[in-house]
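Containing compact mmCIF, C-alpha atoms and all ligand atoms: entry-v6.txt.
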# COMPACT_ATOMS: atom_id res chain seq x y z
CA MET A 1 75.89 121.97 125.96
CA ARG A 2 72.15 121.50 125.86
CA LYS A 3 70.14 123.32 123.24
CA LEU A 4 67.35 125.87 123.34
CA VAL A 5 64.70 124.46 120.98
CA TYR A 6 61.80 126.55 119.72
CA LEU A 7 59.18 123.83 119.14
CA VAL A 8 56.18 125.74 117.90
CA ALA A 9 53.05 125.32 115.80
CA SER A 10 52.98 127.81 112.94
CA THR A 11 50.77 128.62 109.99
CA LEU A 12 52.29 128.82 106.52
CA ASP A 13 52.36 132.59 106.93
CA GLY A 14 54.30 132.48 110.19
CA PHE A 15 51.62 132.99 112.83
CA ILE A 16 51.33 131.02 116.07
CA ALA A 17 47.88 132.29 117.10
CA GLY A 18 45.13 134.54 115.79
CA PRO A 19 44.83 138.27 116.51
CA ASP A 20 42.85 137.64 119.73
CA GLY A 21 45.70 135.50 121.14
CA LYS A 22 43.30 132.76 122.28
CA ASP A 23 43.92 129.04 121.80
CA PRO A 24 42.73 128.48 118.20
CA THR A 25 42.74 124.67 118.37
CA GLY A 26 39.74 124.15 120.65
CA PRO A 27 36.12 123.51 119.66
CA GLY A 28 35.03 126.05 117.06
CA GLY A 29 38.63 127.21 116.61
CA PHE A 30 40.05 128.00 113.18
CA TRP A 31 43.16 125.75 113.55
CA PRO A 32 42.36 122.08 112.88
CA VAL A 33 44.40 119.40 114.65
CA PRO A 34 44.54 116.39 112.27
CA GLU A 35 44.80 112.90 113.73
CA ASP A 36 48.14 112.16 112.03
CA TYR A 37 49.58 115.39 113.48
CA LEU A 38 48.48 114.46 116.99
CA ALA A 39 49.81 110.91 116.64
CA HIS A 40 53.22 112.20 115.53
CA LEU A 41 53.34 114.71 118.36
CA ILE A 42 52.46 112.02 120.90
CA SER A 43 55.14 109.66 119.65
CA GLU A 44 57.93 112.23 119.14
CA TYR A 45 57.25 114.91 121.76
CA PRO A 46 55.00 113.43 124.49
CA GLU A 47 56.41 116.00 126.94
CA ALA A 48 55.00 118.82 124.80
CA LEU A 49 51.43 117.81 125.58
CA PRO A 50 49.82 119.66 128.48
CA VAL A 51 49.04 117.75 131.64
CA GLN A 52 45.32 117.34 130.88
CA ALA A 53 46.07 115.69 127.53
CA ARG A 54 48.79 113.50 129.04
CA GLU A 55 46.40 112.29 131.73
CA ALA A 56 43.64 111.59 129.17
CA LEU A 57 46.10 109.60 127.05
CA SER A 58 47.77 107.87 130.05
CA ILE A 59 51.16 109.37 129.15
CA SER A 60 53.62 109.63 132.01
CA GLY A 61 57.35 109.69 132.58
CA GLU A 62 60.21 111.89 131.50
CA GLY A 63 60.43 113.84 128.27
CA ARG A 64 62.19 112.29 125.27
CA HIS A 65 63.95 115.54 124.33
CA PHE A 66 63.32 118.09 127.07
CA ASP A 67 63.46 118.33 130.85
CA THR A 68 62.84 122.10 131.01
CA VAL A 69 60.31 124.45 129.42
CA VAL A 70 60.49 128.25 129.23
CA GLU A 71 57.37 130.29 128.58
CA GLY A 72 56.27 133.91 128.28
CA ARG A 73 53.76 135.30 130.73
CA ARG A 74 50.95 135.79 128.20
CA SER A 75 51.19 132.20 126.97
CA TYR A 76 51.27 130.93 130.56
CA GLU A 77 48.16 132.94 131.45
CA LEU A 78 46.09 131.09 128.82
CA GLY A 79 46.38 127.93 130.94
CA LEU A 80 45.91 129.83 134.16
CA ALA A 81 42.63 131.25 132.85
CA VAL A 82 41.20 127.72 132.56
CA GLY A 83 42.48 126.68 135.99
CA VAL A 84 45.76 125.04 134.98
CA ALA A 85 48.53 126.48 137.17
CA ASP A 86 51.18 124.24 135.63
CA ALA A 87 50.51 122.68 132.22
CA PHE A 88 53.90 120.91 132.28
CA PRO A 89 54.48 119.51 135.79
CA HIS A 90 56.64 116.74 134.25
CA LEU A 91 59.22 119.41 133.25
CA ARG A 92 61.04 122.16 135.10
CA HIS A 93 58.78 125.06 134.12
CA LEU A 94 60.06 128.64 134.05
CA VAL A 95 57.72 131.54 133.24
CA PHE A 96 59.32 134.87 132.36
CA SER A 97 57.41 137.81 133.82
CA ARG A 98 58.03 141.08 135.60
CA THR A 99 54.36 141.43 136.62
CA LEU A 100 52.96 138.03 137.71
CA SER A 101 52.12 137.66 141.40
CA ASP A 102 49.70 135.78 143.68
CA LEU A 103 49.79 132.61 141.66
CA PRO A 104 48.13 129.42 142.88
CA PRO A 105 50.63 126.97 144.35
CA SER A 106 52.53 124.94 141.74
CA ALA A 107 56.10 124.08 140.83
CA VAL A 108 56.22 126.85 138.20
CA GLU A 109 59.17 129.22 138.67
CA VAL A 110 58.38 132.84 137.82
CA VAL A 111 61.55 134.53 136.57
CA PRO A 112 61.61 138.34 136.55
CA ALA A 113 65.18 138.38 135.18
CA ASP A 114 66.52 138.76 131.64
CA PRO A 115 65.58 135.64 129.61
CA VAL A 116 68.92 135.63 127.72
CA SER A 117 71.14 135.38 130.81
CA THR A 118 68.78 132.87 132.44
CA VAL A 119 68.78 130.65 129.35
CA ARG A 120 72.57 130.84 129.09
CA GLU A 121 72.81 129.59 132.68
CA LEU A 122 70.32 126.79 131.94
CA LYS A 123 72.31 125.73 128.87
CA ASN A 124 75.41 125.32 131.02
CA GLN A 125 73.63 122.96 133.40
CA ARG A 126 73.49 119.23 132.76
CA GLY A 127 70.33 117.74 131.36
CA LYS A 128 68.12 117.38 128.33
CA ASP A 129 67.34 120.19 125.93
CA ILE A 130 65.27 123.24 126.87
CA TRP A 131 61.93 123.77 125.18
CA LEU A 132 61.00 127.33 124.27
CA VAL A 133 57.22 127.04 124.03
CA GLY A 134 56.66 130.71 123.14
CA GLY A 135 55.00 133.00 122.65
CA GLY A 136 56.32 135.29 119.98
CA THR A 137 57.43 138.04 122.36
CA LEU A 138 59.60 135.75 124.48
CA ALA A 139 60.88 134.05 121.31
CA GLY A 140 61.86 137.49 119.98
CA ALA A 141 63.77 138.22 123.19
CA LEU A 142 65.53 134.83 122.95
CA TYR A 143 66.08 134.95 119.17
CA THR A 144 69.90 134.90 119.40
CA GLU A 145 69.88 131.97 121.86
CA ILE A 146 67.80 129.54 119.78
CA ASP A 147 69.85 126.53 118.60
CA ARG A 148 67.08 124.54 116.94
CA ILE A 149 63.66 125.31 115.52
CA VAL A 150 61.10 122.51 115.28
CA LEU A 151 58.30 123.89 113.22
CA LYS A 152 54.96 122.14 113.43
CA LEU A 153 53.75 123.61 110.18
CA ALA A 154 50.00 123.68 109.54
CA PRO A 155 48.64 123.82 105.98
CA LEU A 156 46.84 127.03 106.86
CA THR A 157 47.21 130.76 106.31
CA ILE A 158 45.45 133.33 108.49
CA GLY A 159 46.68 136.69 107.21
CA SER A 160 47.17 138.26 110.63
CA GLY A 161 47.85 137.17 114.21
CA VAL A 162 50.60 136.60 116.76
CA PRO A 163 53.89 136.17 114.80
CA MET A 164 56.42 133.45 115.53
CA PHE A 165 58.82 136.21 116.60
CA SER A 166 57.43 139.49 117.87
CA ALA A 167 57.28 142.26 115.30
CA ASP A 168 59.68 144.37 117.42
CA ALA A 169 62.44 141.71 117.37
CA GLU A 170 65.67 142.99 115.82
CA PHE A 171 66.42 142.41 112.12
CA ASP A 172 69.12 139.72 112.22
CA PRO A 173 69.12 137.24 109.28
CA ARG A 174 70.29 133.73 110.24
CA ALA A 175 70.69 130.63 108.06
CA TRP A 176 69.40 127.26 109.28
CA THR A 177 70.08 123.69 108.15
CA LEU A 178 67.17 121.32 107.67
CA THR A 179 68.11 118.25 109.74
CA ASP A 180 64.84 116.32 109.93
CA ARG A 181 61.42 116.38 108.33
CA THR A 182 58.15 114.50 108.53
CA VAL A 183 55.47 115.20 105.95
CA LEU A 184 52.07 113.93 107.02
CA PRO A 185 49.17 112.93 104.73
CA SER A 186 47.06 115.75 106.22
CA GLY A 187 49.54 118.28 104.81
CA ALA A 188 51.02 119.14 108.23
CA MET A 189 54.81 118.93 108.52
CA PHE A 190 57.35 118.67 111.31
CA LEU A 191 60.50 120.49 110.17
CA THR A 192 63.68 120.54 112.27
CA TYR A 193 66.24 123.24 111.56
CA ASP A 194 69.60 123.54 113.33
CA ARG A 195 72.05 126.42 113.53
N1 LIG A 201 51.46 127.96 118.28
C1 LIG A 201 52.17 127.67 119.35
O1 LIG A 201 52.87 126.63 119.38
C2 LIG A 201 52.17 128.61 120.52
C3 LIG A 201 52.97 128.34 121.63
C4 LIG A 201 52.98 129.24 122.69
C5 LIG A 201 52.19 130.38 122.62
N2 LIG A 201 51.42 130.61 121.55
C6 LIG A 201 50.59 131.82 121.47
O2 LIG A 201 51.40 132.96 121.71
C7 LIG A 201 50.57 134.00 122.21
C8 LIG A 201 51.29 134.72 123.31
O3 LIG A 201 52.49 135.29 122.78
P1 LIG A 201 52.89 136.79 123.11
O4 LIG A 201 53.97 137.15 122.18
O5 LIG A 201 51.66 137.63 123.11
O6 LIG A 201 53.39 136.73 124.63
P2 LIG A 201 54.46 135.77 125.39
O7 LIG A 201 55.73 135.74 124.63
O8 LIG A 201 53.82 134.48 125.74
O9 LIG A 201 54.65 136.56 126.77
C9 LIG A 201 55.22 137.85 126.76
C10 LIG A 201 55.56 138.23 128.18
O10 LIG A 201 56.75 137.56 128.63
C11 LIG A 201 57.38 138.34 129.63
N3 LIG A 201 58.78 138.67 129.45
C12 LIG A 201 59.74 138.58 130.40
N4 LIG A 201 60.91 139.01 129.98
C13 LIG A 201 60.73 139.41 128.74
C14 LIG A 201 61.60 139.99 127.78
N5 LIG A 201 62.89 140.26 128.02
N6 LIG A 201 61.09 140.29 126.59
C15 LIG A 201 59.81 140.05 126.33
N7 LIG A 201 58.92 139.50 127.20
C16 LIG A 201 59.40 139.19 128.41
C17 LIG A 201 56.60 139.64 129.70
O11 LIG A 201 55.69 139.45 130.78
P3 LIG A 201 55.40 140.68 131.82
O12 LIG A 201 54.65 141.69 131.01
O13 LIG A 201 54.62 140.02 132.91
O14 LIG A 201 56.76 141.17 132.27
C18 LIG A 201 55.88 139.70 128.37
O15 LIG A 201 54.72 140.49 128.41
C19 LIG A 201 49.27 133.35 122.63
O16 LIG A 201 48.29 133.73 121.70
C20 LIG A 201 49.54 131.87 122.52
O17 LIG A 201 48.39 131.15 122.12
C21 LIG A 201 51.38 129.74 120.50
Please lay out the structure from this file as structure tokens.
Amino acid sequence: MRKLVYLVASTLDGFIAGPDGKDPTGPGGFWPVPEDYLAHLISEYPEALPVQAREALSISGEGRHFDTVVEGRRSYELGLAVGVADAFPHLRHLVFSRTLSDLPPSAVEVVPADPVSTVRELKNQRGKDIWLVGGGTLAGALYTEIDRIVLKLAPLTIGSGVPMFSADAEFDPRAWTLTDRTVLPSGAMFLTYDR
């Protein structure tokens, strides 16, 4: 069965964005993107780069790990706000939302249904793994379905922001096994944990 993989960039204190929820990696943002981090991401997870970056870097073709991405509405809207209706056209792209309507044409599938049952159906289909891009609210709803966490850990603390799992997720301690790790000279790390 294919896996649901939460591949996410996190600070040392477990946040995936600042309190304003905006992309913190752009010009003037507080979250630096070191060259070694970007190089590792490009070589290991080229499908996790948004379409604009893939075009700029002449990356094409199928994903190495994933053929499907699932995303929460608020994360999806960040791309929409800058005119990107589908940041991942090279993947089947499902956006969970009960409110989105009147979207520009794209291959994105808006899913108003329960993320857990939808993900269980996806897992039973043939294919590569499923990337849970976030954000924290959708990750909280899918907490019990996550088979692997790939943490792109930044050597940064921010004190407050959007947590990796929403604060209203249920208390449910789970143990994970470290199955892969890459420590980069910049201090960033890629840590893979499996259930
Ligand atoms: N660091 C990273 O790698 C990374 C990756 C992705 C996102 N992010 C950040 O994450 C932030 C957004 O995260 P977020 O937690 O605010 O929102 P989110 O998880 O992206 O989206 C939440 C929305 O998903 C929809 N949804 C559908 N079914 C749901 C269910 N059963 N439970 C919960 N939500 C459901 C709802 O949309 P409706 O209200 O329309 O129903 C809900 O409001 C942004 O700041 C973004 O930058 C960071």
Residues within 9 Å of ligand LIG 201 (chain A), counting only C-alpha atoms and all ligand atoms, as a VMD selection string
chain A and resid 6 to 11 15 to 24 71 to 78 95 to 100 111 to 116 132 to 142 151 to 152 161 to 166
Computed gap from atom CA of His93 of chain A to atom CA of Leu4 of chain A is 13.8 Å
A:Thr192, A:Ile149, A:Thr68, A:Lys123 ranked by distance to Glu109 of chain A, top pick (using only C-alpha atoms):
A:Thr68
Closest of A:Asp86, A:Val150, A:Leu91, A:Pro34 to Pro185 of chain A, counting only C-alpha atoms, is A:Pro34
Rounded to one decimal place, report the atom CA of Pro89 of chain A-atom CA of Ser106 of chain A distance in Å.
8.3 Å
Among the residues A:Asp67, A:Ala56, A:Leu49, A:His90, the one that comes closest to Gln125 of chain A [using all atoms listed in the file]
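That would be A:Asp67, the residue with the smallest distance to Gln125 of chain A.
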Of the candidates A:Ile146, A:Leu41, A:Val110, A:Val70, which one gets nearest to Thr182 of chain A if we count all atoms listed in the file?
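The closest residue to Thr182 of chain A is A:Leu41.
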In Å and to one decimal, atom CA of Leu94 of chain A is distant from atom CA of Pro32 of chain A by 28.4 Å
Find the residues around Leu57 of chain A up to 12 Å (all atoms listed in the file counted), leave out those fewer than 6 positions away in its own chain, and share them as a ChimeraX atom specification.
/A:38-39,42-43,46,49-51
